[in-house]
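Enquirer: Handing you this structure, nothing more for now.
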Amino acid sequence: MLLAIIPLVLLAVTSVASEFTPTVRWIDCTQNVPVPLQVAFNSTTWPPGAPTLDGLQCGLIDVPLDYEKSFGEDNKITVALSIFTPPNITPKGTIFLHPGGPDEGQSAVWTRIVNPAVFSDGMEDFELLAFDTRGTSKSTSLNCSPDLAAKIPLDLPRDRKAWDAYQVTVRDFAKSCHDNSTPPGAYQYVSTNEVIQDVENIRIALGKDLIHLYGGSYGAYVWPEYVQKYPDHVGRVILDASPWKGQPDNQTTPNEIIAGSFALQRVDAFCLQNSTCPFHNHGQRGGAIAAWKKATAIAKTGKLYANGKKITLGAMQWALRVYIQILGYPAIIDALQLVLSKNDGSGFLSIYPPANGLVQIVPFHCRDEAVDDPTFEGLQRLLAVPDKWEVGGLVRFRLMAICSAWPVPPRPKSTVSTETKFPAVFVASDYDFVCPIQMTFFRAAKATNASTVIRHGDHHTSLSVLGPSHAIMGAYLAHGTVIRSPNETLATVYYPEDKDKLGAIADPYAVGFGTLYGDV
């Protein structure tokens, strides 16, 4: 059993490694391009003709693998970082970006070069800093097997036999994380506890006395814990698309079903506004929903295939959210039409295989929070949540099933702080299909001095969505002031005294479409 070779990881990171003095080794940015930009430019190095990298620095910092032990050759891991300083001006401060994942984060800084509008609205005069989370990308990677991750079924187990088989696939994947890591077993030292220590070491190495924080998705999980431990070094904080944090599983899972239902209604609303949609239904609601129900019924018979591969209900549920996030509404409409017209499931062959995400997020999330009931019976109770359109869950549903078999001891949920006592701005979109808006409501309700910006529209995080919510974030980071929404149709601001008004979600048929609403 893998469990036998893994010692209990202490939950609190203490100061044994505090004698360690962090330093940055500066490296050539042109030879260390973030993976997303390598794909965009079809080049592993910075290509001729691309925007100049003036103001950009790239570096590596060695930090303790296990903060319970003294730093040394047998106890270190490398973290990669990028920092952009606007040329020819004195920056107004430093914004430390954690765009989510956990995954590579440096590309957020490089975005300042390839798409500077993302950091407009007052952010253009700030220095930007980001890093690849330990265990990912250009930081020392865990090297978990994507092939073994791909064997973890998308469809959650509904009987004991399937449950037992599911847990075997998870343990096989976990063993690959253990065996392939450098050093072996390093995967038990990737969690938010270690990440906030890495951040502090980066801050010290760069000599930054005060940092402002932007966190998207997982970044909105990390920063509250960093602020709690190091409040004296933090200025202004934005928490965008907050994930679950200490929320009971029996609250998180219904919210994922609701988010999936909103996704389907948004597809239907898109069809109503586009007469060329095959599910336009003469301008009457329900055409796309009926198409979804027919297509999923075919998948449930076990007779829907694509290139010889069976397309299951779970695969369709995954694609519903992912396609909307990455390809937009036409992609899911085309996929449904292909099923209904030709009994062809190739439209649901995922353009973003779930295994890609599992390799990065599972080791972190399974360490960060314990599942409330990690038994077969516990999962079945959650799966019994009403789901009239069979949209299923997405992230947390799957993580609960996976983490029930994960061999590294998790942090008890009772020790996870759900309160936000420092000044901050929460940001969420009505139709976030990854971290449903109710997760932000849960966090904001426990905040004593935070404002909340609700962006009316789609997409997961809001930093790249130019419009009122972007202007509000920029003004807050630049001046510390939460301005009123320039356009209430696109965004609504709730100040601390308005906290009791939070909870309403806009009618998915009443909100528009397009880039201002977060659509690709």
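Residue numbering restarts at 1 for every chain of the structure tokens, chains are lettered A, B, ... in their displayed order, and ligands are numbered from 1 as they appear.
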Write out as CSV the residues of stretch 323-358 of chain A that have any atom within 12 Å of an atom of stretch 505-519 of chain A, one row each with the nearest atom pair and its distance in Å to one decimal, counting only C-alpha atoms, sorted by chain and then rising number.

Expert:
residue,atom,partner,partner_atom,distance
A:Tyr323,CA,A:Asp519,CA,11.2
A:Ile324,CA,A:Asp519,CA,8.1
A:Gln325,CA,A:Asp519,CA,7.7
A:Ile326,CA,A:Asp519,CA,8.9
A:Leu327,CA,A:Asp519,CA,9.0
A:Gly328,CA,A:Asp519,CA,6.5
A:Tyr329,CA,A:Asp519,CA,8.4
A:Pro330,CA,A:Asp519,CA,11.0

Enquirer: Tell me, as a PDB file with C-alpha atoms, in the first residue's frame, which residues lie within 9 Å of A:Gly215, counting only C-alpha atoms; anything in the same chain fewer than 6 positions away does not count.

Expert:
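Result written to out.pdb:
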ATOM      1  CA  PHE A  96       1.610  39.954  -6.925  1.00  0.00           C
ATOM      2  CA  LEU A  97      -0.562  37.944  -9.305  1.00  0.00           C
ATOM      3  CA  HIS A  98      -1.798  34.431  -8.647  1.00  0.00           C
ATOM      4  CA  PRO A  99      -4.075  33.665 -11.613  1.00  0.00           C
ATOM      5  CA  GLY A 100      -5.178  30.237 -10.390  1.00  0.00           C
ATOM      6  CA  TYR A 221      -7.846  30.509  -2.023  1.00  0.00           C
ATOM      7  CA  VAL A 222      -4.143  31.196  -1.453  1.00  0.00           C
ATOM      8  CA  TRP A 223      -4.144  34.916  -0.704  1.00  0.00           C
ATOM      9  CA  VAL A 237      -6.389  42.517  -2.133  1.00  0.00           C
ATOM     10  CA  ILE A 238      -8.678  41.301  -4.927  1.00  0.00           C
ATOM     11  CA  LEU A 239     -10.214  37.808  -4.738  1.00  0.00           C
ATOM     12  CA  ASP A 240     -11.650  36.879  -8.130  1.00  0.00           C
ATOM     13  CA  ALA A 241     -13.809  33.759  -8.699  1.00  0.00           C
ATOM     14  CA  SER A 242     -13.353  32.321  -5.232  1.00  0.00           C
TER      15      SER A 242
END

Enquirer: Between atom CA of A:Leu336 and atom CA of A:Leu264, what is the spacing in Å?

Expert: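 Answer for the atom CA of A:Leu264 to atom CA of A:Leu336 separation: 11.8 Å.
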
Enquirer: Write out as a ChimeraX atom specification which residues come within 8 Å of A:Lys421 when counting only C-alpha atoms, dropping same-chain ones fewer than 2 positions away.

Expert: /A:419,423,447-449

Enquirer: Go ahead and save the residues from that selection, with N, CA, C and O atoms, as a tab-separated table (two decimals), in the first residue's frame.

Expert:
chain	number	residue	atom	x	y	z
A	419	GLU	N	-13.28	32.93	7.24
A	419	GLU	CA	-13.53	34.35	7.44
A	419	GLU	C	-12.49	35.19	6.70
A	419	GLU	O	-11.34	34.78	6.53
A	423	PRO	N	-9.46	44.12	4.69
A	423	PRO	CA	-10.14	44.79	3.57
A	423	PRO	C	-9.82	44.09	2.26
A	423	PRO	O	-8.68	43.71	2.00
A	447	ALA	N	-17.09	37.99	5.42
A	447	ALA	CA	-16.10	39.06	5.36
A	447	ALA	C	-16.59	40.27	6.14
A	447	ALA	O	-17.74	40.69	5.99
A	448	THR	N	-15.72	40.84	6.95
A	448	THR	CA	-16.14	41.96	7.79
A	448	THR	C	-15.91	43.31	7.14
A	448	THR	O	-16.54	44.30	7.51
A	449	ASN	N	-15.01	43.36	6.15
A	449	ASN	CA	-14.68	44.66	5.56
A	449	ASN	C	-14.36	44.50	4.07
A	449	ASN	O	-13.33	44.95	3.59

Enquirer: I'd like the neighbourhood of stretch 206-210 of chain A as a VMD selection string, where a residue qualifies if any of its atoms comes within 8 Å (using only C-alpha atoms), though same-chain residues fewer than 5 positions away should be ignored.

Expert: chain A and resid 23 to 24 93 to 94 232 to 235

Enquirer: Please determine, counting only C-alpha atoms, which residue among A:Ile289, A:Ile95, A:Leu142, A:Val416 has the shortest atom-to-atom distance to A:Ile361.

Expert: A:Leu142

Enquirer: Using only C-alpha atoms, pick whichever of A:Ala205, A:Val371, A:Ile113, A:Leu313 has the shortest atom-to-atom distance to A:Thr52.

Expert: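 The shortest atom-to-atom distance to A:Thr52 comes from A:Ile113.
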
Enquirer: Write down as a ChimeraX atom specification the residues belonging to stretch 98-269 of chain A that are assigned strand (DSSP E) by DSSP computed on the backbone.

Expert: /A:98,127-131,211-216,234-240

Enquirer: Could you tell me how far atom CA of A:Thr312 sits from atom CA of A:Asp103, in Å to one decimal place?

Expert: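 Distance reported for this atom pair: 27.8 Å.
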
Enquirer: Extract the full set of helix (DSSP H, G or I) residues from stretch 71-232 of chain A according to DSSP on the backbone, and format it as an MDAnalysis selection string.

Expert: chainID A and resid 107:114 116:119 146:150 160:180 186:189 192:206 218:229 231:232
